[in-house]
There are 2 protein chains.
Amino acid sequence: MIVDVPETLIQIAAELFASRGYDATSVNDIVEAASVTKGALYYYFNTKEELLFAIHQRFIEAEMAQAQKILARYFKPAERIRRLIISLIESIAEFRNEVTVFFRERHRLSPELFAQVQAARDQYEAIFEEAIREGQQEGTFRSDLDARLMTLALFGQCNWTYTWMKPGPLTPRELGEHLAEIFLRGALNRSS
Amino acid sequence: MIVDVPETLIQIAAELFASRGYDATSVNDIVEAASVTKGALYYYFNTKEELLFAIHQRFIEAEMAQAQKILARYFKPAERIRRLIISLIESIAEFRNEVTVFFRERHRLSPELFAQVQAARDQYEAIFEEAIREGQQEGTFRSDLDARLMTLALFGQCNWTYTWMKPGPLTPRELGEHLAEIFLRGALNRSS
DNA sequence: AGGATCATACTAACCCGTCGGTATGTTTGT
DNA sequence: ACAAACATACCGACGGGTTAGTATGATCCT
């Protein structure tokens, strides 16, 4: 049986961090769950924090890769946002543990590593904001509200799913479609 | 100088928990910041967890009280939601530290205390969901989307503000108004 | 071809600081 | 005088991280 030890450690750490929290999970817990010893862990990672960072990186990189694919296809703003939302929800569903850790334990990283994570995150959010701005110039998005604020509201809607999403009746894709619909058209009936 | 020691401890604990995290904050840190000793803390609180719980309680009770006031005034669904949103954003702004701790460290509570917090939270969310359901029956809210999903989307928008809100150009009230506008009418231009 | 050498990938045992919590003493208001 | 409201000193457990050592291949020299 061949296993990628560092990858397994990241995986298991993500599970444990997500369910118990970063500080409440000891490295002993991790190595025990992974059936290795502490020596093995510290052979691949210099600190516990590096593990935390690796979890963040994995999620952000996957998310960003998906977004770039969509950007490459030159959709108009509204359709672009729609697809970005769906892609984001699918990422959250796929990297459930990583996302949970990302949002809950981000601030636990040292300033240097946190800055790195934050920079990547800003880059990702800028893709959404730019779509909204273009939509405003084009006239399809309303201009009486700040683009930045709309972006933050949108990310709230989407990111928050990590707190309640479960393998339920809706697939992540369907869920994303519905959320896009809510964001774009609102909760009120159009005829009213 | 008269000070309410337990209240001060909750206050300071909220600050420290919000900025460093629950586990990363030692009870020594807390008593030091509060200029008392451990004896004083453990005179009022049996465990560190009780402190955490008290922080949650304070925020939830304040939130719930505001919501009840709005319910008592019998607004129609759309206006009721608008006011609930504003009230929620104002609460988040006022109890910034408590909210941060609430959302980030909730899962750290023991099952019993967590259940208590969750029950109160469910009750609060039900108020919003009920307004949306009524709106659907009345016809002002769209019925092609699940009320529960709309509620969750809304809470995402609102709760997420705790991650980025800052004393900026917009007052909490204005911010709430804008978010209500986004939720109710959506990002797209009406004429398109 | 095959022994010598070295890098890889770990293991087992341990160190020392820190943590939540407690036991007991002291002060203060009434 | 006596309870309420603390302060002081300390305990046992556990935390992240380190250390010395080792089995197992890969590589190189002759």
# chains A, B, ... in the order shown; residues from 1 in each chain; ligands from 1
>>> select_by_dssp(residues="chain A", states="helix (DSSP H, G or I)", output="ChimeraX atom specification")
/A:5-20,27-33,38-44,48-71,77-94,96-108,111-138,147-163,172-185
>>> interface_residues(of="chain D", to="chain B", cutoff="12 Å", atoms="only C-alpha atoms (C1' of nucleotides)", output="PyMOL selection string")
chain D and resi 4-9+15
>>> write_last_selection(atoms="C-alpha atoms (C1' of nucleotides)", output="short mmCIF file (atom, residue, chain, number, x, y, z; two decimals), in the first residue's frame")
data_model
loop_
_atom_site.label_atom_id
_atom_site.label_comp_id
_atom_site.auth_asym_id
_atom_site.auth_seq_id
_atom_site.Cartn_x
_atom_site.Cartn_y
_atom_site.Cartn_z
"C1'" DA D 4 -18.73 38.21 50.51
"C1'" DA D 5 -15.09 39.24 47.44
"C1'" DC D 6 -11.30 38.71 46.29
"C1'" DA D 7 -5.52 37.49 46.16
"C1'" DT D 8 -1.66 34.10 46.29
"C1'" DA D 9 0.49 30.04 45.48
"C1'" DG D 15 0.91 20.93 24.57
#
>>> residues_around(residues="DC2 (chain D)", least_positions_apart="2", cutoff="12 Å", atoms="only C-alpha atoms (C1' of nucleotides)", output="PDB file with C-alpha atoms (C1' of nucleotides), in the first residue's frame")
ATOM      1  C1'  DT C  28     -13.396  44.682  53.253  1.00  0.00           C
ATOM      2  C1'  DG C  29     -17.988  46.240  53.896  1.00  0.00           C
ATOM      3  C1'  DT C  30     -21.859  45.940  57.119  1.00  0.00           C
TER       4       DT C  30
ATOM      5  C1'  DA D   4     -18.728  38.207  50.505  1.00  0.00           C
TER       6       DA D   4
END
>>> closest_atom_pairs(of="chain B", to="chain C", cutoff="8 Å", atoms="only C-alpha atoms (C1' of nucleotides)", output="Markdown table")
| residue | atom | partner | partner_atom | distance |
| --- | --- | --- | --- | --- |
| B:Ser26 | CA | C:DC19 | C1' | 7.2 |
| B:Val27 | CA | C:DG20 | C1' | 7.7 |
| B:Lys48 | CA | C:DG20 | C1' | 7.8 |
>>> interface_residues(of="chain A", to="chain B", cutoff="10 Å", atoms="only C-alpha atoms", output="VMD selection string")
chain A and resid 18 to 24 78 103 to 105 107 to 108 132 135 to 136 139 to 147 149 to 165 175 178 to 192
>>> residues_around(residues="region 59-70 of chain A", least_positions_apart="5", cutoff="7 Å", atoms="only C-alpha atoms (C1' of nucleotides)", output="ChimeraX atom specification")
/A:84,87-88,91,95,98-99,124
>>> residues_around(residues="Gln11 (chain B)", least_positions_apart="2", cutoff="12 Å", atoms="only C-alpha atoms (C1' of nucleotides)", output="compact mmCIF listing (two decimals) with N, CA, C and O atoms, in the first residue's frame")
# COMPACT_ATOMS: atom_id res chain seq x y z
N ASP B 4 -18.38 46.60 37.81
CA ASP B 4 -19.03 45.30 37.80
C ASP B 4 -18.02 44.29 37.28
O ASP B 4 -17.80 44.16 36.08
N VAL B 5 -17.39 43.58 38.21
CA VAL B 5 -16.29 42.68 37.83
C VAL B 5 -16.70 41.60 36.83
O VAL B 5 -16.04 41.46 35.79
N PRO B 6 -17.74 40.83 37.09
CA PRO B 6 -18.08 39.80 36.11
C PRO B 6 -18.40 40.38 34.73
O PRO B 6 -18.02 39.80 33.71
N GLU B 7 -19.06 41.52 34.70
CA GLU B 7 -19.38 42.15 33.42
C GLU B 7 -18.11 42.59 32.69
O GLU B 7 -17.98 42.41 31.48
N THR B 8 -17.20 43.15 33.44
CA THR B 8 -15.91 43.54 32.86
C THR B 8 -15.18 42.32 32.29
O THR B 8 -14.60 42.38 31.21
N LEU B 9 -15.24 41.24 33.01
CA LEU B 9 -14.56 40.03 32.56
C LEU B 9 -15.15 39.53 31.24
O LEU B 9 -14.41 39.14 30.32
N ALA B 13 -13.02 39.38 27.93
CA ALA B 13 -12.90 38.05 27.32
C ALA B 13 -13.38 38.10 25.87
O ALA B 13 -12.75 37.52 24.98
N ALA B 14 -14.47 38.81 25.63
CA ALA B 14 -14.98 38.93 24.26
C ALA B 14 -13.94 39.57 23.35
O ALA B 14 -13.71 39.10 22.23
N GLU B 15 -13.32 40.61 23.84
CA GLU B 15 -12.28 41.28 23.05
C GLU B 15 -11.15 40.33 22.71
O GLU B 15 -10.74 40.21 21.56
N LEU B 16 -10.66 39.66 23.73
CA LEU B 16 -9.51 38.78 23.52
C LEU B 16 -9.87 37.56 22.68
O LEU B 16 -9.12 37.18 21.78
N PHE B 17 -11.00 36.96 22.97
CA PHE B 17 -11.43 35.81 22.17
C PHE B 17 -11.60 36.21 20.71
O PHE B 17 -11.26 35.44 19.80
N ALA B 18 -12.13 37.40 20.49
CA ALA B 18 -12.36 37.84 19.12
C ALA B 18 -11.06 38.07 18.37
O ALA B 18 -10.94 37.77 17.20
N ILE B 30 -6.77 36.94 30.35
CA ILE B 30 -8.01 37.65 30.65
C ILE B 30 -7.92 38.41 31.97
O ILE B 30 -8.19 39.61 32.03
N VAL B 31 -7.50 37.71 33.02
CA VAL B 31 -7.46 38.38 34.33
C VAL B 31 -6.41 39.49 34.34
O VAL B 31 -6.59 40.52 35.00
N ALA B 33 -5.57 41.37 31.73
CA ALA B 33 -6.16 42.51 31.01
C ALA B 33 -7.23 43.20 31.86
O ALA B 33 -7.46 44.40 31.74
N ALA B 34 -7.86 42.42 32.73
CA ALA B 34 -8.93 42.99 33.55
C ALA B 34 -8.40 43.51 34.89
O ALA B 34 -9.16 44.02 35.70
N LEU B 51 -17.62 31.48 30.57
CA LEU B 51 -17.35 32.82 30.03
C LEU B 51 -17.76 32.89 28.57
O LEU B 51 -18.43 33.84 28.13
N LEU B 52 -17.35 31.88 27.84
CA LEU B 52 -17.67 31.81 26.41
C LEU B 52 -19.19 31.81 26.22
O LEU B 52 -19.73 32.52 25.37
N ALA B 54 -21.45 32.95 28.25
CA ALA B 54 -22.01 34.25 28.64
C ALA B 54 -21.92 35.25 27.48
O ALA B 54 -22.84 36.05 27.27
N ILE B 55 -20.83 35.20 26.76
CA ILE B 55 -20.65 36.08 25.60
C ILE B 55 -21.74 35.81 24.56
O ILE B 55 -22.36 36.73 24.03
N HIS B 56 -21.98 34.55 24.30
CA HIS B 56 -23.02 34.18 23.34
C HIS B 56 -24.38 34.69 23.79
O HIS B 56 -25.12 35.32 23.04
N ARG B 58 -25.28 37.05 25.76
CA ARG B 58 -25.45 38.49 25.72
C ARG B 58 -25.85 38.97 24.33
O ARG B 58 -26.78 39.77 24.17
N PHE B 59 -25.17 38.46 23.33
CA PHE B 59 -25.45 38.87 21.96
C PHE B 59 -26.82 38.38 21.50
O PHE B 59 -27.63 39.15 20.96
N PHE B 95 -22.36 44.74 18.82
CA PHE B 95 -21.73 43.63 19.54
C PHE B 95 -20.66 42.96 18.70
O PHE B 95 -20.60 41.74 18.61
N ARG B 96 -19.85 43.76 18.12
CA ARG B 96 -18.85 43.26 17.19
C ARG B 96 -18.04 42.08 17.73
O ARG B 96 -17.95 41.02 17.11
N ASN B 97 -17.46 42.26 18.88
CA ASN B 97 -16.65 41.19 19.46
C ASN B 97 -17.47 39.94 19.77
O ASN B 97 -17.06 38.82 19.46
N GLU B 98 -18.60 40.16 20.38
CA GLU B 98 -19.45 39.02 20.74
C GLU B 98 -19.86 38.23 19.50
O GLU B 98 -19.86 37.00 19.50
N VAL B 101 -16.96 36.16 18.17
CA VAL B 101 -16.78 34.97 18.99
C VAL B 101 -17.90 33.98 18.74
O VAL B 101 -17.68 32.78 18.60
>>> residues_around(residues="Ile86 (chain B)", least_positions_apart="4", cutoff="8 Å", atoms="only C-alpha atoms (C1' of nucleotides)", output="PyMOL selection string")
chain B and resi 82+90+172-177+180
>>> decode(residues="chain D", atoms="C-alpha atoms (C1' of nucleotides)", output="mmCIF file, in the first residue's frame")
data_model
loop_
_atom_site.group_PDB
_atom_site.id
_atom_site.type_symbol
_atom_site.label_atom_id
_atom_site.label_comp_id
_atom_site.auth_asym_id
_atom_site.auth_seq_id
_atom_site.Cartn_x
_atom_site.Cartn_y
_atom_site.Cartn_z
ATOM 1 C "C1'" DA D 1 -18.004 39.067 63.789
ATOM 2 C "C1'" DC D 2 -18.667 37.169 59.663
ATOM 3 C "C1'" DA D 3 -19.806 36.463 55.077
ATOM 4 C "C1'" DA D 4 -18.728 38.207 50.505
ATOM 5 C "C1'" DA D 5 -15.092 39.238 47.441
ATOM 6 C "C1'" DC D 6 -11.301 38.713 46.295
ATOM 7 C "C1'" DA D 7 -5.524 37.487 46.165
ATOM 8 C "C1'" DT D 8 -1.665 34.096 46.292
ATOM 9 C "C1'" DA D 9 0.493 30.041 45.484
ATOM 10 C "C1'" DC D 10 0.461 25.955 43.503
ATOM 11 C "C1'" DC D 11 -0.798 21.232 41.037
ATOM 12 C "C1'" DG D 12 -1.195 17.724 37.583
ATOM 13 C "C1'" DA D 13 -1.798 17.208 32.751
ATOM 14 C "C1'" DC D 14 -0.836 18.140 28.317
ATOM 15 C "C1'" DG D 15 0.914 20.934 24.571
ATOM 16 C "C1'" DG D 16 4.242 21.699 20.514
ATOM 17 C "C1'" DG D 17 8.457 20.704 19.310
ATOM 18 C "C1'" DT D 18 13.253 18.256 19.518
ATOM 19 C "C1'" DT D 19 16.493 14.720 19.577
ATOM 20 C "C1'" DA D 20 19.017 10.627 18.662
ATOM 21 C "C1'" DG D 21 18.678 6.771 16.281
ATOM 22 C "C1'" DT D 22 17.292 3.350 12.391
ATOM 23 C "C1'" DA D 23 15.466 0.662 8.426
ATOM 24 C "C1'" DT D 24 15.397 0.978 3.519
ATOM 25 C "C1'" DG D 25 16.412 1.926 -0.578
ATOM 26 C "C1'" DA D 26 19.181 4.719 -4.392
ATOM 27 C "C1'" DT D 27 23.768 5.955 -6.202
ATOM 28 C "C1'" DC D 28 28.445 5.638 -7.051
ATOM 29 C "C1'" DC D 29 33.029 3.780 -7.422
ATOM 30 C "C1'" DT D 30 35.927 0.171 -8.812
#
